[in-house]
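To start, the structure itself, in structure tokens.
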Amino acid sequence: YRDAEAARQQELALKSLGNEGLFLFSSLDTNKDLYLSPEEFKPIAEKLTGVAPVSESEEEETPDADGETLSIVAKFQPLLMETMTKSKDGFLGISHVALSGLRNWTAPAAPMSVLLARQFKAFLPPKDSLDLGEPWWIIPSELNIFTGYLSNNRFYPPPPKGKEVLIHRLLSMFHPRPFVRTRFAPQGAVACLQASSSFYYSVAFRIHAEFQLNEPPNFPFWFSPGQFTGYIVLSKDSSHVRDFRLFVPNNRSLNVDMEWLYGASESSNMEVDIGYLPQMELESTGPSVPSVIHDEDGKVLASRDPSGEPIQFVFEEITWQQQIPWQEAAHRLEVAMYPFKKVSYLPFTEAFERAQAEKKLVHSILLWGALDDHPAKPPVPLPVPGSGRTLRETVLESSPILALLNESFISSWSLVKELEELQSNRENELHSKLAKLHLEKYNFPVEMMICLPNGTVVHHINANYFLDITSMKPEDVESSIFSFSTNFEDPSTATYLQFLKEGLHRAEPYLQP
């Protein structure tokens, strides 16, 4: 009865609102009860009135008249449109309206902002006894392979709560519609101590967040940087912030995933592309400073200049009692987000050099998009969408696979674009040859390969085929190469283990001393 009633109400709503009207209504109706509560209507009210009420979490932060403030500047260079795959054919078939939010985003929403130093207590560790490099969650992930993904059909972020408030405030400097929880895993924000002194912490952090660039009547356009990373140096009571920086890494040729809908429903066609963002960064202009300084008797010794110039200070040098390198802290955070990174994935050419030295095989994954830092997704619908994402959230995280990879292989993952550039570089013939051997075996969107140290591919399998056969019943799988083992309940793990072992077997004649 309930299903019939829900279908009837849906039909009435469609008649009343039409496809596009119902699409907008559904994007606001988060609990899908066909009724907009005041909380659900809030984004539209804010849009129409231009007034955004202070959230409950922000109200809890009692302003301290004598508290220190931190000035932060936003630096932003827009996405290079020519790096998008679809730029190669002049964005043929893509409406100008679909990309309007992206094309119009040319500067940060707020070039500068002043925040209370105490707001940054969100970055403090949950306890004093944490070891350096030991991760904790600022915003815990609520997604995994079993929970599914959050809806694409949304325009306005839900009100941030708790520690989300500060992250939302910071990301809003770039764009007015940041989502601090991504639609896909890994989701959230993670941190670890990089250094510690008697009075200060240096905290490294990593945040996975995305932005909604379009508003009604246009359809949603999701802009998902690979990651936000950075560090903060703050006092242990959070009353003073010495330094702060947050940025999107730009050291790879592609660092942003984009997805946009072409219809008024969750199941509408979706376009996907990737591109390069040169700069997206927040940085403190200096340490946090108080607006007023009192002496022991409460008399004002100095105050902020009426023009807004801060009080001039000479800050003591921080002597760190213990610290770890930035690279180590960043790796710990990466492994917290991506457990499959418990295996080191080396750069392409370095992997073959290491394999040569250690006389091991190379386990290589070649993708259209990235294996970590979000997308591994192609620009057209696939039999199994998100192949790279599915791999990293399942087989590549499983204990038997991690153990065998660490024991017998040197691992690497590469972007097709990077290997194409490497292949065309004639200054290093060896690197060009390694890239060529890889690209000859590549099939869209993801190809897993087992290679000799000289680059010869002895075994390979396409991710879509792999995911297809592991979703079949064991009796329907004909090939003995990918037969299921009874040792593991998970057919994906068993099949990938078999793939790796078959690669070792095929390589035996070449690895004999």
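Chains: A, B, ... in order of the structure tokens. Residues: from 1 per chain. Ligands: from 1, in order shown.
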Using DSSP secondary structure from the backbone, list all helix (DSSP H, G or I) positions within stretch 5-227 of chain A, as a PyMOL selection string. chain A and resi 5-28+38-49+56-60+81-83+85-89+100-104+117-123+164-171
All residues 12 Å or closer to A:Lys441, only C-alpha atoms, same chain fewer than 2 positions away omitted, as a list in words: Ser364, Ile365, Leu366, Leu367, Val416, Leu434, Ala435, Lys436, Leu437, His438, Leu439, Asn443, Phe444, Pro445, Val446, Glu447, Met448, Met449, Ile450, Cys451, Gly455, Thr456, Val457, Val458, His459, His460, Ile461 and Asn462 of chain A
Based on the selection just made, write C-alpha atoms of those residues as a CSV table (one decimal), in the first residue's frame.
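Here's the written file again_1.csv:
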chain,number,residue,atom,x,y,z
A,364,SER,CA,51.2,-1.8,-12.6
A,365,ILE,CA,47.8,-0.2,-12.9
A,366,LEU,CA,47.2,2.1,-15.9
A,367,LEU,CA,44.2,4.4,-15.7
A,416,VAL,CA,47.5,7.3,-19.6
A,434,LEU,CA,58.6,1.2,-21.1
A,435,ALA,CA,55.7,3.5,-21.7
A,436,LYS,CA,55.1,2.1,-25.2
A,437,LEU,CA,55.0,-1.5,-23.9
A,438,HIS,CA,52.4,-0.4,-21.4
A,439,LEU,CA,50.2,1.5,-23.7
A,443,ASN,CA,42.3,-1.0,-22.7
A,444,PHE,CA,39.9,1.7,-21.5
A,445,PRO,CA,39.4,2.6,-18.6
A,446,VAL,CA,41.7,0.6,-16.3
A,447,GLU,CA,44.3,-2.1,-17.1
A,448,MET,CA,46.2,-4.1,-14.5
A,449,MET,CA,49.5,-5.5,-15.6
A,450,ILE,CA,52.3,-7.8,-14.4
A,451,CYS,CA,55.6,-6.8,-16.0
A,455,GLY,CA,58.9,-3.7,-19.2
A,456,THR,CA,57.7,-6.8,-20.9
A,457,VAL,CA,54.1,-7.4,-19.9
A,458,VAL,CA,53.7,-11.1,-19.0
A,459,HIS,CA,50.0,-10.9,-17.9
A,460,HIS,CA,47.3,-8.3,-17.9
A,461,ILE,CA,43.5,-7.9,-17.3
A,462,ASN,CA,41.1,-5.1,-17.9
If you count only C-alpha atoms, the residue of A:Met270, A:Ala330, A:Leu150, A:Leu254 closest to A:Thr229 turns out to be A:Ala330
**OP:** Find the spatial neighbours of A:Arg206, counting only C-alpha atoms, within a cut-off of 12 Å - ignore same-chain residues fewer than 6 positions away - and output them as a VMD selection string.
**Re:** chain A and resid 123 135 to 140 167 180 186 to 192 225 to 232 245 to 249 329 to 338 373
Using only C-alpha atoms, tabulate the residues of stretch 226-264 of chain A lying at most 12 Å from any atom of stretch 66-80 of chain A, each with its closest atom pair and that distance in Å to one decimal, by chain and increasing residue number, as a tab-separated table.
residue	atom	partner	partner_atom	distance
A:Ile232	CA	A:Leu70	CA	11.9
A:Leu234	CA	A:Leu70	CA	11.2
A:Ser235	CA	A:Glu68	CA	11.8
A:Ser238	CA	A:Glu68	CA	9.8
A:Ser239	CA	A:Glu68	CA	6.8
A:His240	CA	A:Glu68	CA	6.6
A:Val241	CA	A:Leu70	CA	7.2
A:Arg242	CA	A:Leu70	CA	9.0
A:Asp243	CA	A:Leu70	CA	9.2
A:Phe244	CA	A:Ile72	CA	8.3
A:Arg245	CA	A:Ile72	CA	8.9
A:Leu246	CA	A:Ala74	CA	9.5
A:Phe247	CA	A:Lys75	CA	9.2
A:Val248	CA	A:Phe76	CA	10.2
A:Asn250	CA	A:Leu79	CA	11.2
A:Ser253	CA	A:Leu80	CA	11.1
A:Leu254	CA	A:Leu80	CA	10.2
A:Asn255	CA	A:Leu79	CA	9.7
A:Val256	CA	A:Leu79	CA	8.5
A:Asp257	CA	A:Leu79	CA	10.8
A:Met258	CA	A:Leu79	CA	10.7
For the atom pair atom CA of A:Lys236 and atom CA of A:Ser291, what is the interatomic distance in Å to one decimal place?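 Computing the Euclidean distance for atom CA of A:Lys236 and atom CA of A:Ser291 yields 20.6 Å.
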Problem - Computed interatomic separation between atom CA of A:Gly18 and atom CA of A:Glu5 (Å) - result: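 Atom CA of A:Gly18 sits 19.2 Å away from atom CA of A:Glu5.
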Exercise for the section: List the neighbours of stretch 82-90 of chain A out to 8 Å using only C-alpha atoms; skip same-chain residues closer than 4 positions along the sequence, and give me the result as a VMD selection string. Expected result: chain A and resid 254 273 to 276
Write a file of the just-selected residues containing all heavy atoms, as a PDB file, in the first residue's frame.
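New file out.pdb:
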ATOM      1  N   LEU A 254      46.904  15.995 -13.827  1.00  0.00           N
ATOM      2  CA  LEU A 254      45.454  16.122 -13.658  1.00  0.00           C
ATOM      3  C   LEU A 254      45.146  16.075 -12.170  1.00  0.00           C
ATOM      4  O   LEU A 254      45.662  15.207 -11.467  1.00  0.00           O
ATOM      5  CB  LEU A 254      44.720  14.987 -14.386  1.00  0.00           C
ATOM      6  CG  LEU A 254      44.929  14.915 -15.908  1.00  0.00           C
ATOM      7  CD1 LEU A 254      44.477  13.562 -16.442  1.00  0.00           C
ATOM      8  CD2 LEU A 254      44.193  16.030 -16.608  1.00  0.00           C
ATOM      9  N   ASP A 273      34.594  14.303 -16.681  1.00  0.00           N
ATOM     10  CA  ASP A 273      35.866  14.707 -17.267  1.00  0.00           C
ATOM     11  C   ASP A 273      36.858  15.003 -16.142  1.00  0.00           C
ATOM     12  O   ASP A 273      36.477  15.063 -14.966  1.00  0.00           O
ATOM     13  CB  ASP A 273      35.687  15.943 -18.159  1.00  0.00           C
ATOM     14  CG  ASP A 273      36.695  15.972 -19.313  1.00  0.00           C
ATOM     15  OD1 ASP A 273      37.787  15.387 -19.156  1.00  0.00           O
ATOM     16  OD2 ASP A 273      36.397  16.574 -20.358  1.00  0.00           O
ATOM     17  N   ILE A 274      38.108  15.161 -16.524  1.00  0.00           N
ATOM     18  CA  ILE A 274      39.154  15.496 -15.567  1.00  0.00           C
ATOM     19  C   ILE A 274      39.962  16.654 -16.136  1.00  0.00           C
ATOM     20  O   ILE A 274      39.948  16.909 -17.342  1.00  0.00           O
ATOM     21  CB  ILE A 274      40.075  14.285 -15.270  1.00  0.00           C
ATOM     22  CG1 ILE A 274      40.426  13.552 -16.557  1.00  0.00           C
ATOM     23  CG2 ILE A 274      39.472  13.360 -14.261  1.00  0.00           C
ATOM     24  CD1 ILE A 274      41.245  12.302 -16.351  1.00  0.00           C
ATOM     25  N   GLY A 275      40.643  17.390 -15.272  1.00  0.00           N
ATOM     26  CA  GLY A 275      41.404  18.540 -15.734  1.00  0.00           C
ATOM     27  C   GLY A 275      42.436  18.971 -14.711  1.00  0.00           C
ATOM     28  O   GLY A 275      42.611  18.342 -13.662  1.00  0.00           O
ATOM     29  N   TYR A 276      43.102  20.070 -15.035  1.00  0.00           N
ATOM     30  CA  TYR A 276      44.212  20.552 -14.193  1.00  0.00           C
ATOM     31  C   TYR A 276      43.908  21.934 -13.637  1.00  0.00           C
ATOM     32  O   TYR A 276      43.566  22.866 -14.370  1.00  0.00           O
ATOM     33  CB  TYR A 276      45.505  20.607 -15.011  1.00  0.00           C
ATOM     34  CG  TYR A 276      46.693  21.101 -14.219  1.00  0.00           C
ATOM     35  CD1 TYR A 276      47.255  20.296 -13.226  1.00  0.00           C
ATOM     36  CD2 TYR A 276      47.236  22.360 -14.452  1.00  0.00           C
ATOM     37  CE1 TYR A 276      48.338  20.744 -12.490  1.00  0.00           C
ATOM     38  CE2 TYR A 276      48.327  22.816 -13.723  1.00  0.00           C
ATOM     39  CZ  TYR A 276      48.875  22.003 -12.742  1.00  0.00           C
ATOM     40  OH  TYR A 276      49.948  22.436 -12.002  1.00  0.00           O
TER      41      TYR A 276
END
Just give me the gap between atom CA of A:Thr182 and atom CA of A:Asn152 in Å, one decimal is fine.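 Going from atom CA of A:Thr182 over to atom CA of A:Asn152, I get 10.2 Å.
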I need the strand (DSSP E) residues of stretch 399-461 of chain A per DSSP on the backbone, written as a list in words.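 DSSP on the backbone gives strand (DSSP E) at Phe409, Ile410, Ser411, Ser412, Trp413, Ser414, Leu415, Val446, Glu447, Met448, Met449, Ile450, Cys451, Val457, Val458, His459, His460 and Ile461 of chain A.
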From A:Leu500, A:Ala204, A:Leu511, A:Ile94, residue lying nearest A:Leu405 [only C-alpha atoms]: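 Under the stated criterion, the closest residue is A:Leu500.
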